[in-house]
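Next up, model_15.pdb (PDB, C-alpha atoms):
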ATOM      1  CA  MET A  61       0.000   0.000   0.000
ATOM      2  CA  ASN A  62       1.551   3.343  -0.995
ATOM      3  CA  GLY A  63       1.620   6.427   1.217
ATOM      4  CA  ARG A  64      -0.954   8.335  -0.820
ATOM      5  CA  LEU A  65      -3.459   5.503  -0.547
ATOM      6  CA  LEU A  66      -2.843   5.132   3.185
ATOM      7  CA  ARG A  67      -3.380   8.856   3.807
ATOM      8  CA  TRP A  68      -6.594   8.754   1.831
ATOM      9  CA  LEU A  69      -7.899   5.799   3.815
ATOM     10  CA  MET A  70      -7.012   7.462   7.106
ATOM     11  CA  SER A  71      -8.885  10.621   6.069
ATOM     12  CA  LEU A  72     -12.110   8.651   5.948
ATOM     13  CA  ALA A  73     -11.817   7.999   9.650
ATOM     14  CA  LEU A  74     -11.323  11.665  10.590
ATOM     15  CA  PRO A  75     -14.025  13.482  12.563
ATOM     16  CA  PRO A  76     -16.596  15.478  10.574
ATOM     17  CA  VAL A  77     -15.364  18.751   9.095
ATOM     18  CA  ASN A  78     -16.873  22.195   8.554
ATOM     19  CA  GLY A  79     -18.811  22.071  11.804
ATOM     20  CA  SER A  80     -20.823  19.008  10.827
ATOM     21  CA  ASP A  81     -22.955  17.530  13.579
ATOM     22  CA  GLY A  82     -21.842  14.001  12.798
ATOM     23  CA  GLY A  83     -24.948  13.153  10.754
ATOM     24  CA  PRO A  84     -24.943  11.295   7.416
ATOM     25  CA  ARG A  85     -21.954  12.128   5.218
ATOM     26  CA  LEU A  86     -21.030  11.449   1.633
ATOM     27  CA  THR A  87     -17.557  11.791   0.157
ATOM     28  CA  ILE A  88     -17.230  11.722  -3.624
ATOM     29  CA  LEU A  89     -13.894  10.422  -4.883
ATOM     30  CA  ARG A  90     -13.370  11.798  -8.379
ATOM     31  CA  HIS A  91     -11.453   9.850 -11.018
ATOM     32  CA  HIS A  92     -10.795  10.321 -14.705
ATOM     33  CA  ARG A  93      -8.641   7.621 -16.273
ATOM     34  CA  VAL A  94      -7.528   4.162 -15.168
ATOM     35  CA  PHE A  95      -4.061   3.249 -16.443
ATOM     36  CA  GLU A  96      -2.347  -0.095 -16.673
ATOM     37  CA  SER A  97      -0.305  -0.766 -13.567
ATOM     38  CA  GLY A  98       3.244   0.437 -14.251
ATOM     39  CA  ALA A  99       2.235   2.849 -17.020
ATOM     40  CA  ARG A 100       3.798   6.329 -16.896
ATOM     41  CA  PRO A 101       1.764   8.729 -19.062
ATOM     42  CA  LEU A 102       3.063  12.281 -19.170
ATOM     43  CA  TYR A 103      -0.297  13.638 -18.027
ATOM     44  CA  ARG A 104      -1.336  11.289 -15.254
ATOM     45  CA  LEU A 105      -5.007  12.194 -15.151
ATOM     46  CA  GLY A 106      -6.094   9.141 -13.198
ATOM     47  CA  VAL A 107      -4.971   6.141 -11.172
ATOM     48  CA  SER A 108      -3.510   2.732 -11.923
ATOM     49  CA  GLU A 109      -5.581  -0.447 -11.958
ATOM     50  CA  ARG A 110      -3.779  -1.573  -8.821
ATOM     51  CA  VAL A 111      -4.562   1.592  -6.872
ATOM     52  CA  LEU A 112      -8.199   1.531  -7.957
ATOM     53  CA  ALA A 113      -8.550  -2.127  -6.937
ATOM     54  CA  GLU A 114      -7.036  -1.326  -3.526
ATOM     55  CA  GLN A 115      -9.403   1.609  -3.051
ATOM     56  CA  VAL A 116     -12.431  -0.520  -3.872
ATOM     57  CA  ALA A 117     -11.311  -3.406  -1.658
ATOM     58  CA  MET A 118     -10.721  -1.142   1.338
ATOM     59  CA  LEU A 119     -14.067   0.604   0.956
ATOM     60  CA  ARG A 120     -15.898  -2.686   0.634
ATOM     61  CA  GLY A 121     -14.132  -4.022   3.701
ATOM     62  CA  ALA A 122     -15.045  -0.923   5.711
ATOM     63  CA  GLY A 123     -18.667  -0.933   4.571
ATOM     64  CA  LEU A 124     -18.303   2.516   2.960
ATOM     65  CA  GLY A 125     -19.148   1.637  -0.645
ATOM     66  CA  PRO A 126     -18.305   2.582  -3.246
ATOM     67  CA  VAL A 127     -21.764   3.709  -4.349
ATOM     68  CA  THR A 128     -22.995   5.910  -7.162
ATOM     69  CA  VAL A 129     -23.350   9.620  -6.547
ATOM     70  CA  ALA A 130     -27.126   9.355  -6.940
ATOM     71  CA  GLU A 131     -27.267   6.568  -4.347
ATOM     72  CA  GLY A 132     -25.179   8.566  -1.920
ATOM     73  CA  LEU A 133     -27.341  11.668  -2.292
ATOM     74  CA  GLU A 134     -30.480   9.585  -1.842
ATOM     75  CA  ARG A 135     -29.139   8.233   1.450
ATOM     76  CA  LEU A 136     -28.351  11.758   2.593
ATOM     77  CA  ALA A 137     -31.840  12.924   1.697
ATOM     78  CA  GLU A 138     -33.335  10.032   3.682
ATOM     79  CA  GLY A 139     -31.229  11.008   6.682
ATOM     80  CA  ARG A 140     -29.872   7.478   6.861
ATOM     81  CA  PRO A 141     -27.091   7.457   9.484
ATOM     82  CA  GLY A 142     -23.620   6.530   8.300
ATOM     83  CA  ARG A 143     -20.866   7.550   5.948
ATOM     84  CA  TRP A 144     -20.432   6.520   2.319
ATOM     85  CA  VAL A 145     -17.956   7.043  -0.462
ATOM     86  CA  ALA A 146     -19.164   7.491  -4.033
ATOM     87  CA  PHE A 147     -16.866   6.970  -7.006
ATOM     88  CA  SER A 148     -17.135   9.131 -10.088
ATOM     89  CA  PHE A 149     -15.295   8.992 -13.406
ATOM     90  CA  ASP A 150     -15.289  12.092 -15.618
ATOM     91  CA  ASP A 151     -15.084  12.407 -19.401
ATOM     92  CA  GLY A 152     -15.911   8.881 -20.602
ATOM     93  CA  TYR A 153     -12.577   7.246 -21.396
ATOM     94  CA  ALA A 154     -12.533   3.723 -22.792
ATOM     95  CA  ASP A 155     -10.264   2.589 -19.950
ATOM     96  CA  ASN A 156     -13.166   3.258 -17.571
ATOM     97  CA  VAL A 157     -15.017   0.431 -19.295
ATOM     98  CA  ARG A 158     -12.048  -1.848 -19.902
ATOM     99  CA  ARG A 159     -10.333  -1.465 -16.513
ATOM    100  CA  ALA A 160     -12.546   0.226 -13.922
ATOM    101  CA  LEU A 161     -15.741  -1.652 -14.714
ATOM    102  CA  PRO A 162     -14.305  -5.166 -14.200
ATOM    103  CA  ILE A 163     -12.781  -4.103 -10.868
ATOM    104  CA  LEU A 164     -16.088  -2.673  -9.680
ATOM    105  CA  ARG A 165     -18.093  -5.675 -10.838
ATOM    106  CA  ARG A 166     -15.802  -8.201  -9.168
ATOM    107  CA  ALA A 167     -16.076  -6.357  -5.854
ATOM    108  CA  GLY A 168     -19.770  -5.554  -6.042
ATOM    109  CA  GLY A 169     -19.045  -1.827  -6.103
ATOM    110  CA  ARG A 170     -20.796   0.878  -8.085
ATOM    111  CA  ALA A 171     -19.823   4.227  -9.552
ATOM    112  CA  THR A 172     -21.036   7.153 -11.638
ATOM    113  CA  PHE A 173     -19.597   7.838 -15.088
ATOM    114  CA  TYR A 174     -20.058  11.355 -16.499
ATOM    115  CA  LEU A 175     -19.851  11.334 -20.306
ATOM    116  CA  THR A 176     -18.686  14.174 -22.556
ATOM    117  CA  ALA A 177     -21.308  13.283 -25.110
ATOM    118  CA  GLY A 178     -20.293  15.442 -28.064
ATOM    119  CA  LEU A 179     -16.644  14.376 -28.007
ATOM    120  CA  ILE A 180     -17.688  10.725 -27.760
ATOM    121  CA  ASP A 181     -20.203  11.102 -30.583
ATOM    122  CA  GLU A 182     -17.759  12.768 -32.970
ATOM    123  CA  ARG A 183     -14.628  10.872 -31.835
ATOM    124  CA  ARG A 184     -12.869  14.146 -31.088
ATOM    125  CA  VAL A 185      -9.747  14.273 -28.933
ATOM    126  CA  PRO A 186     -10.153  16.328 -25.729
ATOM    127  CA  TRP A 187      -8.113  19.529 -25.712
ATOM    128  CA  TRP A 188      -5.950  18.439 -22.758
ATOM    129  CA  ASP A 189      -4.924  15.263 -24.609
ATOM    130  CA  ILE A 190      -3.921  17.350 -27.626
ATOM    131  CA  MET A 191      -1.847  19.581 -25.333
ATOM    132  CA  ALA A 192      -0.200  16.629 -23.563
ATOM    133  CA  HIS A 193       0.559  14.897 -26.883
ATOM    134  CA  ALA A 194       2.277  18.038 -28.188
ATOM    135  CA  ILE A 195       4.498  18.367 -25.118
ATOM    136  CA  ALA A 196       5.240  14.638 -24.970
ATOM    137  CA  THR A 197       6.198  14.204 -28.637
ATOM    138  CA  SER A 198       7.946  17.496 -29.433
ATOM    139  CA  ARG A 199      11.620  17.279 -30.399
ATOM    140  CA  ARG A 200      12.277  20.795 -29.200
ATOM    141  CA  ALA A 201      14.618  21.286 -26.244
ATOM    142  CA  ARG A 202      12.619  24.199 -24.828
ATOM    143  CA  LEU A 203       9.212  25.787 -25.027
ATOM    144  CA  VAL A 204       9.352  29.583 -25.173
ATOM    145  CA  TRP A 205       5.857  31.028 -25.341
ATOM    146  CA  ASP A 206       4.514  34.534 -24.803
ATOM    147  CA  ILE A 207       1.009  33.848 -23.584
ATOM    148  CA  ALA A 208      -1.601  35.860 -21.680
ATOM    149  CA  GLY A 209       0.798  38.674 -20.828
ATOM    150  CA  ARG A 210       3.662  36.517 -19.595
ATOM    151  CA  ARG A 211       6.550  34.540 -21.023
ATOM    152  CA  LEU A 212       6.956  30.832 -20.430
ATOM    153  CA  ASP A 213      10.507  29.551 -20.884
ATOM    154  CA  LEU A 214      10.389  25.863 -20.082
ATOM    155  CA  PRO A 215      12.995  23.124 -20.615
ATOM    156  CA  LEU A 216      11.859  19.912 -22.300
ATOM    157  CA  GLY A 217      15.035  17.872 -21.999
ATOM    158  CA  ASP A 218      13.652  14.881 -20.131
ATOM    159  CA  GLU A 219      10.439  13.369 -18.846
ATOM    160  CA  ARG A 220      10.586  15.213 -15.552
ATOM    161  CA  SER A 221      10.996  18.604 -17.204
ATOM    162  CA  ARG A 222       8.155  17.856 -19.621
ATOM    163  CA  ARG A 223       5.860  17.026 -16.704
ATOM    164  CA  ALA A 224       6.806  20.315 -15.094
ATOM    165  CA  ALA A 225       6.211  22.151 -18.374
ATOM    166  CA  LEU A 226       2.783  20.561 -18.738
ATOM    167  CA  ALA A 227       1.831  21.776 -15.264
ATOM    168  CA  GLN A 228       2.853  25.318 -16.232
ATOM    169  CA  VAL A 229       1.026  25.259 -19.562
ATOM    170  CA  LEU A 230      -2.233  23.683 -18.366
ATOM    171  CA  PRO A 231      -3.688  26.820 -16.671
ATOM    172  CA  CYS A 232      -3.229  28.766 -19.910
ATOM    173  CA  PHE A 233      -6.148  26.845 -21.393
ATOM    174  CA  ARG A 234      -8.763  27.907 -18.860
ATOM    175  CA  VAL A 235     -10.351  30.179 -21.468
ATOM    176  CA  ASP A 236     -13.324  30.132 -23.835
ATOM    177  CA  PRO A 237     -13.392  27.410 -26.540
ATOM    178  CA  ALA A 238     -12.388  29.660 -29.459
ATOM    179  CA  GLU A 239      -9.357  31.031 -27.633
ATOM    180  CA  GLN A 240      -8.533  27.547 -26.408
ATOM    181  CA  ALA A 241      -8.411  26.268 -30.002
ATOM    182  CA  ARG A 242      -6.154  29.164 -31.050
ATOM    183  CA  ARG A 243      -3.769  28.460 -28.188
ATOM    184  CA  LEU A 244      -3.638  24.754 -29.037
ATOM    185  CA  ASP A 245      -2.722  25.552 -32.643
ATOM    186  CA  ALA A 246      -0.052  28.001 -31.461
ATOM    187  CA  LEU A 247       1.400  25.480 -29.013
ATOM    188  CA  ARG A 248       1.618  22.737 -31.631
ATOM    189  CA  GLU A 249       3.282  25.120 -34.082
ATOM    190  CA  MET A 250       5.868  26.325 -31.571
ATOM    191  CA  LEU A 251       6.659  22.767 -30.558
ATOM    192  CA  GLY A 252       6.907  21.622 -34.171
ATOM    193  CA  VAL A 253       4.346  18.881 -33.690
ATOM    194  CA  THR A 254       2.418  17.666 -36.748
ATOM    195  CA  SER A 255       1.246  14.258 -35.517
ATOM    196  CA  HIS A 256      -2.161  13.923 -33.893
ATOM    197  CA  ALA A 257      -3.241  12.407 -30.621
ATOM    198  CA  GLU A 258      -5.617   9.447 -30.746
ATOM    199  CA  CYS A 259      -9.109   9.641 -29.327
ATOM    200  CA  GLU A 260      -9.111   7.384 -26.260
ATOM    201  CA  LEU A 261     -12.709   7.999 -25.273
ATOM    202  CA  ALA A 262     -15.177   5.128 -25.134
ATOM    203  CA  THR A 263     -17.515   4.374 -28.010
ATOM    204  CA  TRP A 264     -21.250   4.395 -27.369
ATOM    205  CA  ASP A 265     -21.271   0.594 -27.472
ATOM    206  CA  GLU A 266     -18.667   0.604 -24.704
ATOM    207  CA  ALA A 267     -20.537   3.264 -22.727
ATOM    208  CA  ALA A 268     -23.678   1.139 -22.917
ATOM    209  CA  GLN A 269     -21.845  -1.555 -20.945
ATOM    210  CA  LEU A 270     -21.689   0.815 -17.975
ATOM    211  CA  ALA A 271     -25.460   1.166 -17.809
ATOM    212  CA  GLU A 272     -25.984  -2.540 -18.462
ATOM    213  CA  ALA A 273     -23.752  -3.308 -15.468
ATOM    214  CA  GLY A 274     -25.911  -1.150 -13.179
ATOM    215  CA  MET A 275     -23.619   1.871 -13.054
ATOM    216  CA  GLU A 276     -24.965   5.415 -13.088
ATOM    217  CA  VAL A 277     -24.379   7.360 -16.305
ATOM    218  CA  GLY A 278     -24.333  11.144 -15.961
ATOM    219  CA  ALA A 279     -23.771  14.083 -18.311
ATOM    220  CA  HIS A 280     -20.619  16.203 -18.647
ATOM    221  CA  THR A 281     -21.496  18.661 -21.469
ATOM    222  CA  LEU A 282     -21.035  18.094 -25.184
ATOM    223  CA  ASP A 283     -17.563  19.594 -25.704
ATOM    224  CA  HIS A 284     -16.078  20.038 -22.195
ATOM    225  CA  PRO A 285     -15.849  23.853 -22.080
ATOM    226  CA  TYR A 286     -15.312  25.855 -18.927
ATOM    227  CA  LEU A 287     -18.966  26.810 -18.533
ATOM    228  CA  ASP A 288     -18.308  30.051 -16.675
ATOM    229  CA  HIS A 289     -16.537  31.299 -19.817
ATOM    230  CA  LEU A 290     -19.706  30.883 -21.926
ATOM    231  CA  PRO A 291     -22.851  33.042 -22.178
ATOM    232  CA  PRO A 292     -26.023  31.543 -20.661
ATOM    233  CA  ALA A 293     -27.492  30.345 -23.981
ATOM    234  CA  ALA A 294     -24.311  28.467 -24.888
ATOM    235  CA  GLN A 295     -24.191  26.922 -21.427
ATOM    236  CA  GLY A 296     -27.751  25.709 -21.852
ATOM    237  CA  ALA A 297     -26.917  24.165 -25.217
ATOM    238  CA  GLU A 298     -23.921  22.321 -23.742
ATOM    239  CA  ILE A 299     -25.816  21.004 -20.721
ATOM    240  CA  THR A 300     -29.156  20.143 -22.316
ATOM    241  CA  GLY A 301     -27.409  18.879 -25.428
ATOM    242  CA  SER A 302     -25.349  16.384 -23.440
ATOM    243  CA  VAL A 303     -28.425  15.071 -21.635
ATOM    244  CA  GLU A 304     -30.331  14.670 -24.904
ATOM    245  CA  ARG A 305     -27.396  13.062 -26.709
ATOM    246  CA  ILE A 306     -26.950  10.444 -23.986
ATOM    247  CA  HIS A 307     -30.687   9.766 -24.026
ATOM    248  CA  ALA A 308     -30.613   9.311 -27.802
ATOM    249  CA  ARG A 309     -27.555   7.043 -27.806
ATOM    250  CA  LEU A 310     -28.118   4.966 -24.664
ATOM    251  CA  GLY A 311     -31.864   5.172 -24.114
ATOM    252  CA  LEU A 312     -31.505   6.576 -20.586
ATOM    253  CA  ARG A 313     -31.910  10.062 -19.215
ATOM    254  CA  PRO A 314     -29.136  11.185 -16.862
ATOM    255  CA  GLU A 315     -30.159  12.684 -13.542
ATOM    256  CA  GLY A 316     -26.661  13.848 -12.621
ATOM    257  CA  PHE A 317     -24.182  16.285 -14.141
ATOM    258  CA  ALA A 318     -20.514  17.132 -13.534
ATOM    259  CA  PHE A 319     -19.261  20.654 -14.237
ATOM    260  CA  PRO A 320     -16.107  20.387 -16.412
ATOM    261  CA  GLY A 321     -13.134  21.572 -14.419
ATOM    262  CA  GLY A 322     -15.535  22.394 -11.591
ATOM    263  CA  ALA A 323     -16.356  25.667 -13.374
ATOM    264  CA  TYR A 324     -19.888  27.017 -13.077
ATOM    265  CA  ASP A 325     -21.934  30.112 -12.314
ATOM    266  CA  ALA A 326     -25.579  30.948 -11.661
ATOM    267  CA  ALA A 327     -26.445  30.421 -15.332
ATOM    268  CA  SER A 328     -24.930  26.921 -15.211
ATOM    269  CA  VAL A 329     -27.057  25.954 -12.222
ATOM    270  CA  GLU A 330     -30.202  27.299 -13.868
ATOM    271  CA  ALA A 331     -29.399  25.424 -17.087
ATOM    272  CA  CYS A 332     -29.103  22.196 -15.095
ATOM    273  CA  ARG A 333     -32.536  22.805 -13.597
ATOM    274  CA  ARG A 334     -34.057  23.480 -17.020
ATOM    275  CA  ALA A 335     -32.480  20.278 -18.342
ATOM    276  CA  GLY A 336     -34.316  18.305 -15.652
ATOM    277  CA  LEU A 337     -31.177  17.254 -13.812
ATOM    278  CA  ALA A 338     -31.542  16.264 -10.163
ATOM    279  CA  TYR A 339     -28.039  17.229  -9.059
ATOM    280  CA  ALA A 340     -24.684  18.573 -10.223
ATOM    281  CA  VAL A 341     -21.187  18.038  -8.839
ATOM    282  CA  THR A 342     -18.247  20.415  -8.639
ATOM    283  CA  THR A 343     -14.588  19.807  -7.754
ATOM    284  CA  ARG A 344     -14.644  21.507  -4.348
ATOM    285  CA  ALA A 345     -13.199  19.453  -1.488
ATOM    286  CA  GLY A 346     -15.276  18.546   1.559
ATOM    287  CA  ASP A 347     -18.023  16.304   2.863
ATOM    288  CA  ASN A 348     -21.564  16.415   1.524
ATOM    289  CA  ARG A 349     -24.356  16.488   4.060
ATOM    290  CA  ALA A 350     -28.119  16.211   3.866
ATOM    291  CA  ARG A 351     -28.761  19.714   2.535
ATOM    292  CA  ALA A 352     -26.233  19.434  -0.314
ATOM    293  CA  ARG A 353     -27.410  19.187  -3.928
ATOM    294  CA  ALA A 354     -24.463  20.872  -5.687
ATOM    295  CA  SER A 355     -21.896  18.397  -4.445
ATOM    296  CA  SER A 356     -18.135  18.204  -4.039
TER     297      SER A 356
END
Turn this file's structure into structure tokens for me.
Amino acid sequence: MNGRLLRWLMSLALPPVNGSDGGPRLTILRHHRVFESGARPLYRLGVSERVLAEQVAMLRGAGLGPVTVAEGLERLAEGRPGRWVAFSFDDGYADNVRRALPILRRAGGRATFYLTAGLIDERRVPWWDIMAHAIATSRRARLVWDIAGRRLDLPLGDERSRRAALAQVLPCFRVDPAEQARRLDALREMLGVTSHAECELATWDEAAQLAEAGMEVGAHTLDHPYLDHLPPAAQGAEITGSVERIHARLGLRPEGFAFPGGAYDAASVEACRRAGLAYAVTTRAGDNRARARASS
């Protein structure tokens, strides 16, 4: 058991936070990708199969889950005493189906999978994978980039420096979709990268396996924009469009939604209500208690 996993397990036994009275609590553990054990992707947006299996085994042994987000919120609403841990997986990567799903099924665990419906439908590569591919495959020794009023001068000589460069570049893409696309093109040009990243998202046939296995399927917009960088009408199109696309492709209507990057504003919340969603999750840390409906 590694130190990170041990610290996480110990945190579940800590007393309630934020002045909680010790009533029902739900912790949502957010995942994205599930990598082969031993894999070392440049952008490690996820956990290994081994770590995920250990998480699930420990939760099952402690009677904490994992459950879906909808199940956890239902237990909170009922005022059922206890503490639970819900698992969520954002974006809809194929490795969620190929690696996470078998682990969950073997252990009798459940989870929620939030799908970026437009990217899945059109087999488009998420912007962060395009960015990571450019940094990982460039033959340049440095990245020198004047961006957003500052200059980045980042070495790319080895894997460690490329990881550090990626961490510096990532915040530059928290902008509206049009500007994001321009910055991606500029980054690829400066790095001399002409090859293209592969789309590693699940197909709809693969996504259907999640629902067939009893997992919760939620929505995660069509194109994964930062919603607070869009006008209200565009936010509504992203949110409602993702719900409708999932309904059309999988024959189910999501009740849950995950804000991409945790970004939202009042218009986002209203758009979720208009789309008929029962809840939405952010990326804020902390326990969820009975009154929570926009969850961490």
task = Mind giving me the straight-line distance from atom CA of A:Phe95 to atom CA of A:Val107 in Å, one decimal?
result = 6.1 Å
Where does the PyMOL selection byres ((chain A and resi 129) around 10) land in this file, that is, which residues does it pick, as a CSV table (one decimal) with C-alpha atoms, keeping the file's coordinate frame?
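Generated output (selection-v6.csv):
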chain,number,residue,atom,x,y,z
A,86,LEU,CA,-21.0,11.4,1.6
A,87,THR,CA,-17.6,11.8,0.2
A,88,ILE,CA,-17.2,11.7,-3.6
A,89,LEU,CA,-13.9,10.4,-4.9
A,126,PRO,CA,-18.3,2.6,-3.2
A,127,VAL,CA,-21.8,3.7,-4.3
A,128,THR,CA,-23.0,5.9,-7.2
A,130,ALA,CA,-27.1,9.4,-6.9
A,131,GLU,CA,-27.3,6.6,-4.3
A,132,GLY,CA,-25.2,8.6,-1.9
A,133,LEU,CA,-27.3,11.7,-2.3
A,134,GLU,CA,-30.5,9.6,-1.8
A,135,ARG,CA,-29.1,8.2,1.4
A,144,TRP,CA,-20.4,6.5,2.3
A,145,VAL,CA,-18.0,7.0,-0.5
A,146,ALA,CA,-19.2,7.5,-4.0
A,147,PHE,CA,-16.9,7.0,-7.0
A,148,SER,CA,-17.1,9.1,-10.1
A,170,ARG,CA,-20.8,0.9,-8.1
A,171,ALA,CA,-19.8,4.2,-9.6
A,172,THR,CA,-21.0,7.2,-11.6
A,173,PHE,CA,-19.6,7.8,-15.1
A,276,GLU,CA,-25.0,5.4,-13.1
A,278,GLY,CA,-24.3,11.1,-16.0
A,316,GLY,CA,-26.7,13.8,-12.6
A,339,TYR,CA,-28.0,17.2,-9.1
A,340,ALA,CA,-24.7,18.6,-10.2
A,341,VAL,CA,-21.2,18.0,-8.8
A,355,SER,CA,-21.9,18.4,-4.4
ask   = Quick one: of A:Pro186, A:Gly169, A:Gln240, A:Thr254, who's nearest to A:Ala273, counting all atoms listed in the file?
value = A:Gly169
Residue contacts of stretch 243-253 of chain A (12 Å, only C-alpha atoms) excluding same-chain residues fewer than 4 positions away, as a PyMOL selection string = chain A and resi 186-208+212+214-216+226+229-239+257
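Using all atoms listed in the file, the nearest neighbour of A:Arg140 within the list A:Ala227, A:Phe317, A:Arg85, A:Tyr103 is A:Arg85.
If all atoms listed in the file are the atoms counted, then among A:Thr281, A:Thr343, A:Ser221, A:Ser108 the closest residue to A:Ser328 is A:Thr281.
Coordinates place atom CA of A:Gly106 at a distance of 15.0 Å from atom CA of A:Ile163.
Coordinates place atom CA of A:Gly142 at a distance of 28.1 Å from atom CA of A:Asn156.
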ask   = Which residues match the PyMOL selection byres ((chain A and resi 161) around 12) in the file above, as a PyMOL selection string?
value = chain A and resi 93-94+109+112-113+116+147-149+153-160+162-173+266-276
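With distances restricted to only C-alpha atoms, A:Ala177 is the closest residue to A:Ser302 from A:Ala318, A:Ala177, A:Ala331, A:Leu290.
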note = Of A:Ala279, A:Glu114, A:Gly83, A:Glu298, the one nearest to A:Pro141 when counting only C-alpha atoms is A:Gly83
Box in all listed atoms of stretch 133-149 of chain A, axis-aligned, with 4 Å more on each side; write out centre and edge lengths in Å to one decimal as AutoDock Vina command-line options.
--center_x -24.3 --center_y 9.7 --center_z -2.0 --size_x 26.0 --size_y 14.4 --size_z 30.9
message = List as a ChimeraX atom specification the protein and nucleic acid residues near A:Val303, meaning an atom at most 7 Å away when only C-alpha atoms are counted, but skip any in the same chain fewer than 4 places from it.
response = /A:279,299,307,313-314
Since the input is missing atoms, can you rebuild N, CA and C atoms for stretch 177-188 of chain A and write them as a PDB file, keeping the file's coordinate frame?
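part_21.pdb, written as the output of this step:
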ATOM      1  N   ALA A 177     -20.557  13.958 -24.053  1.00  0.00           N
ATOM      2  CA  ALA A 177     -21.308  13.283 -25.110  1.00  0.00           C
ATOM      3  C   ALA A 177     -20.916  13.710 -26.519  1.00  0.00           C
ATOM      4  N   GLY A 178     -20.643  14.996 -26.726  1.00  0.00           N
ATOM      5  CA  GLY A 178     -20.293  15.442 -28.064  1.00  0.00           C
ATOM      6  C   GLY A 178     -18.953  14.910 -28.538  1.00  0.00           C
ATOM      7  N   LEU A 179     -17.960  14.908 -27.647  1.00  0.00           N
ATOM      8  CA  LEU A 179     -16.644  14.376 -28.007  1.00  0.00           C
ATOM      9  C   LEU A 179     -16.734  12.885 -28.323  1.00  0.00           C
ATOM     10  N   ILE A 180     -17.513  12.155 -27.511  1.00  0.00           N
ATOM     11  CA  ILE A 180     -17.688  10.725 -27.760  1.00  0.00           C
ATOM     12  C   ILE A 180     -18.369  10.505 -29.101  1.00  0.00           C
ATOM     13  N   ASP A 181     -19.414  11.280 -29.365  1.00  0.00           N
ATOM     14  CA  ASP A 181     -20.203  11.102 -30.583  1.00  0.00           C
ATOM     15  C   ASP A 181     -19.370  11.346 -31.838  1.00  0.00           C
ATOM     16  N   GLU A 182     -18.515  12.366 -31.787  1.00  0.00           N
ATOM     17  CA  GLU A 182     -17.759  12.768 -32.970  1.00  0.00           C
ATOM     18  C   GLU A 182     -16.325  12.254 -32.964  1.00  0.00           C
ATOM     19  N   ARG A 183     -15.973  11.454 -31.956  1.00  0.00           N
ATOM     20  CA  ARG A 183     -14.628  10.872 -31.835  1.00  0.00           C
ATOM     21  C   ARG A 183     -13.560  11.962 -31.873  1.00  0.00           C
ATOM     22  N   ARG A 184     -13.825  13.052 -31.165  1.00  0.00           N
ATOM     23  CA  ARG A 184     -12.869  14.146 -31.088  1.00  0.00           C
ATOM     24  C   ARG A 184     -11.980  13.992 -29.871  1.00  0.00           C
ATOM     25  N   VAL A 185     -10.722  14.390 -30.018  1.00  0.00           N
ATOM     26  CA  VAL A 185      -9.747  14.273 -28.933  1.00  0.00           C
ATOM     27  C   VAL A 185      -9.933  15.453 -27.984  1.00  0.00           C
ATOM     28  N   PRO A 186     -10.042  15.222 -26.682  1.00  0.00           N
ATOM     29  CA  PRO A 186     -10.153  16.328 -25.729  1.00  0.00           C
ATOM     30  C   PRO A 186      -8.950  17.258 -25.824  1.00  0.00           C
ATOM     31  N   TRP A 187      -9.187  18.543 -25.536  1.00  0.00           N
ATOM     32  CA  TRP A 187      -8.113  19.529 -25.712  1.00  0.00           C
ATOM     33  C   TRP A 187      -6.891  19.221 -24.861  1.00  0.00           C
ATOM     34  N   TRP A 188      -7.096  18.696 -23.633  1.00  0.00           N
ATOM     35  CA  TRP A 188      -5.950  18.439 -22.758  1.00  0.00           C
ATOM     36  C   TRP A 188      -5.101  17.278 -23.278  1.00  0.00           C
TER      37      TRP A 188
END
